[in-house]
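*Asks:* Please see the structure below; I have some questions.
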Amino acid sequence: MKREELISIVMPAYNCEKYVAEAINSVLAQTYQNWELLVIDDDSKDNTLNIINDFQKQDHRIKTIKNEINMGVSKTRNLGISIAEGDWIAFLDSDDIWEITKLEKQMIVAKARGAEFLFTGAAYINEKGESFKGIFGVPELVTYKKLRYQNVISCSSVLVRKKFFDNIKMENDGIHEDYAVWLRILKTGAIAHGVNEPLLLYRISRNSKSGNKLKTIRMTYKVFRFVGINPIGSAYFMFRHILGSIRKYKRIFTD
């Protein structure tokens with residue numbers, strides 16, 4: 001019987017003692033079981049590291065890495081990718097949660113379509129874990145050209161072949177570093193395959209990058225400049241993002 005492919009899950013963790021246990025438990029509950037979880041503590045000042053270490057003692061698939069100084073989310077994710085042993089990389093932020101069939105359903109689609117970059121829809125919760133009514137549906141296929149108009153790829157929903165990171169890294173925490181990476185991967189001709197189910201529970205936090213709307217608009221513009229789009233084109237796509245975000249959050253908060 002052919003062994004299931006190994007998925008390396010990269011989880012940066014910084015001062016997340018409130019949520020990290022719930023995130024890790026959602027990995028432990030996965031119906032797809034051939035994974036390793038790389039939890040990288042980015043020099044937390046709270047009890048995060050102790051919580052992670054307790055989980056590591058319970059399951060050998062969980063590996064704790066500690067940054068001696070705070071490195072930021074981009075370098076922390078890159079570190080996780082560099083030591084990953086799997087051919088697949090999945091990302092899960094320490095305050096988000098997966099539905100139990102998330103990895104299994106993505107791997108089924110990967111095999112059926114020959115997909116090498118996958119993402120899912122999302123449902124939303126607040127800082128207290130309370131659910132919003134609306135969900136975020138995603139298209140079946142996304143190309144580089146389509147992704148410029150709206151970032152429909154939530155980082156914590158991504159499952160992607162590790163080979164794409166041979167020449168592409170996450171850079172610049174002053175922008176939406178994950179969005180920049182998705183654009184750069186798709187610019188190579190790859191196609192992202194969506195699983196249109198809310199297999200991710202995304203936590204909306206006031207302290208997140210997306211919590212400050214003016215800041216997130218500026219960072220979106222910088223993403224387009226970072227990937228080589230000229231200033232006029234960057235301004236145009238930034239405006240399209242604003243419209244898309246208005247529609248997105250209207251569905252989340254009012255549906």
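Identifiers for the structure tokens are assigned positionally: chains receive A, B, ... in sequence, residues are indexed from 1 per chain, and ligands are indexed from 1 in the order shown.
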From a backbone DSSP assignment, name each residue in stretch 139-188 of chain A labelled alpha helix (DSSP H), as a list in words.

*Replies:*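 Assigned to alpha helix (DSSP H), within stretch 139-188 of chain A: Tyr144, Lys145, Lys146, Leu147, Glu177, Asp178, Tyr179, Ala180, Val181, Trp182, Leu183, Arg184, Ile185, Leu186 and Lys187 of chain A.
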
*Asks:* Put those residues in a file: N, CA and C atoms, as a short mmCIF file (atom, residue, chain, number, x, y, z; two decimals), in the first residue's frame.

*Replies:*
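Output contents, as saved in again-v1.cif:
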data_model
loop_
_atom_site.label_atom_id
_atom_site.label_comp_id
_atom_site.auth_asym_id
_atom_site.auth_seq_id
_atom_site.Cartn_x
_atom_site.Cartn_y
_atom_site.Cartn_z
N TYR A 144 -2.47 33.96 -11.95
CA TYR A 144 -1.79 35.19 -11.55
C TYR A 144 -2.62 36.42 -11.91
N LYS A 145 -3.17 36.44 -13.11
CA LYS A 145 -3.95 37.60 -13.54
C LYS A 145 -5.17 37.81 -12.65
N LYS A 146 -5.85 36.73 -12.29
CA LYS A 146 -7.05 36.84 -11.45
C LYS A 146 -6.70 37.27 -10.03
N LEU A 147 -5.59 36.77 -9.52
CA LEU A 147 -5.25 37.05 -8.12
C LEU A 147 -4.89 38.51 -7.89
N GLU A 177 3.06 39.80 3.14
CA GLU A 177 4.14 38.96 2.61
C GLU A 177 3.61 37.66 1.99
N ASP A 178 2.52 37.12 2.52
CA ASP A 178 1.98 35.89 1.96
C ASP A 178 1.36 36.14 0.59
N TYR A 179 0.63 37.24 0.44
CA TYR A 179 0.03 37.59 -0.85
C TYR A 179 1.10 37.77 -1.91
N ALA A 180 2.20 38.41 -1.53
CA ALA A 180 3.30 38.60 -2.49
C ALA A 180 3.85 37.25 -2.96
N VAL A 181 3.93 36.29 -2.05
CA VAL A 181 4.44 34.96 -2.42
C VAL A 181 3.47 34.25 -3.35
N TRP A 182 2.16 34.33 -3.05
CA TRP A 182 1.19 33.66 -3.94
C TRP A 182 1.30 34.25 -5.35
N LEU A 183 1.40 35.56 -5.46
CA LEU A 183 1.52 36.19 -6.78
C LEU A 183 2.78 35.72 -7.49
N ARG A 184 3.87 35.65 -6.77
CA ARG A 184 5.13 35.23 -7.40
C ARG A 184 5.08 33.77 -7.83
N ILE A 185 4.45 32.91 -7.04
CA ILE A 185 4.31 31.51 -7.43
C ILE A 185 3.45 31.40 -8.68
N LEU A 186 2.30 32.08 -8.70
CA LEU A 186 1.41 31.99 -9.85
C LEU A 186 2.00 32.65 -11.09
N LYS A 187 2.89 33.61 -10.88
CA LYS A 187 3.54 34.26 -12.02
C LYS A 187 4.42 33.29 -12.79
#

*Asks:* Give one line per residue of stretch 83-145 of chain A that approaches stretch 25-34 of chain A to at most 6 Å, naming the two atoms of the closest pair and their distance in Å to one decimal, counting only C-alpha atoms; sort by chain then ascending residue number and deliver it as JSON lines.

*Replies:*
{"residue": "A:Ile97", "atom": "CA", "partner": "A:Ser26", "partner_atom": "CA", "distance": 5.9}
{"residue": "A:Trp98", "atom": "CA", "partner": "A:Ser26", "partner_atom": "CA", "distance": 5.4}
{"residue": "A:Ile100", "atom": "CA", "partner": "A:Gln30", "partner_atom": "CA", "distance": 4.4}
{"residue": "A:Thr101", "atom": "CA", "partner": "A:Thr31", "partner_atom": "CA", "distance": 5.6}
{"residue": "A:Leu103", "atom": "CA", "partner": "A:Tyr32", "partner_atom": "CA", "distance": 5.9}
{"residue": "A:Glu104", "atom": "CA", "partner": "A:Tyr32", "partner_atom": "CA", "distance": 4.9}

*Asks:* Name all residues at most 8 Å from A:Pro12 (count only C-alpha atoms; drop same-chain ones fewer than 4 positions away) and give them as a VMD selection string.

*Replies:* chain A and resid 39 to 42 73 76 to 77 92 to 94

*Asks:* Print the selection's residues with N, CA and C atoms to a file, as a compact mmCIF listing (two decimals), in the first residue's frame.

*Replies:*
# COMPACT_ATOMS: atom_id res chain seq x y z
N VAL A 39 6.31 24.13 14.93
CA VAL A 39 5.86 25.34 15.64
C VAL A 39 7.10 26.15 16.01
N ILE A 40 7.22 27.34 15.43
CA ILE A 40 8.39 28.17 15.66
C ILE A 40 8.01 29.33 16.57
N ASP A 41 8.52 29.27 17.81
CA ASP A 41 8.26 30.36 18.76
C ASP A 41 9.20 31.52 18.44
N ASP A 42 8.60 32.68 18.14
CA ASP A 42 9.39 33.83 17.72
C ASP A 42 9.74 34.73 18.92
N VAL A 73 7.41 37.43 11.10
CA VAL A 73 6.68 36.29 10.54
C VAL A 73 7.30 35.75 9.26
N THR A 76 10.44 33.74 10.07
CA THR A 76 10.03 32.58 10.86
C THR A 76 9.41 31.52 9.97
N ARG A 77 8.54 31.92 9.05
CA ARG A 77 7.97 30.93 8.12
C ARG A 77 9.06 30.34 7.23
N LEU A 92 -0.38 27.38 8.96
CA LEU A 92 -1.46 27.61 9.92
C LEU A 92 -0.99 28.63 10.93
N ASP A 93 -1.63 29.78 10.97
CA ASP A 93 -1.30 30.78 11.97
C ASP A 93 -1.78 30.32 13.34
N SER A 94 -1.11 30.76 14.38
CA SER A 94 -1.33 30.23 15.72
C SER A 94 -2.66 30.65 16.33

*Asks:* Quick one: everything within 12 Å of A:Leu243, counting only C-alpha atoms, minus sequence neighbours fewer than 4 positions away in the same chain. Send it as a list in words.

*Replies:*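 Once the nearby chain positions are removed, what remains is Tyr149, Gln150, Asn151, Ile217, Tyr236, Phe237, Met238, Phe239, Arg247, Lys248, Tyr249 and Lys250 of chain A.
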
*Asks:* To test your reading of the structure, identify every residue in stretch 52-101 of chain A that backbone DSSP assigns to strand (DSSP E or B), and report it as a list in words.

*Replies:*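 Here is the list: Ile62, Lys63, Thr64, Ile65, Lys66, Trp88, Ile89, Ala90, Phe91, Ile97 and Trp98 of chain A.
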
*Asks:* For the residues selected in the previous step, produce a file with C-alpha atoms as a PDB file, in the first residue's frame.

*Replies:*
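Okay, this is what ended up in part.pdb:
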ATOM      1  CA  ILE A  62       5.120  18.106  16.771  1.00  0.00           C
ATOM      2  CA  LYS A  63       8.499  19.844  16.728  1.00  0.00           C
ATOM      3  CA  THR A  64       9.293  23.017  18.626  1.00  0.00           C
ATOM      4  CA  ILE A  65      11.818  25.525  17.329  1.00  0.00           C
ATOM      5  CA  LYS A  66      12.678  28.667  19.268  1.00  0.00           C
ATOM      6  CA  TRP A  88       4.062  19.596   0.845  1.00  0.00           C
ATOM      7  CA  ILE A  89       3.942  22.763   2.949  1.00  0.00           C
ATOM      8  CA  ALA A  90       0.811  23.876   4.796  1.00  0.00           C
ATOM      9  CA  PHE A  91       0.562  27.102   6.764  1.00  0.00           C
ATOM     10  CA  ILE A  97      -8.265  26.728  13.363  1.00  0.00           C
ATOM     11  CA  TRP A  98      -8.720  23.971  10.786  1.00  0.00           C
TER      12      TRP A  98
END
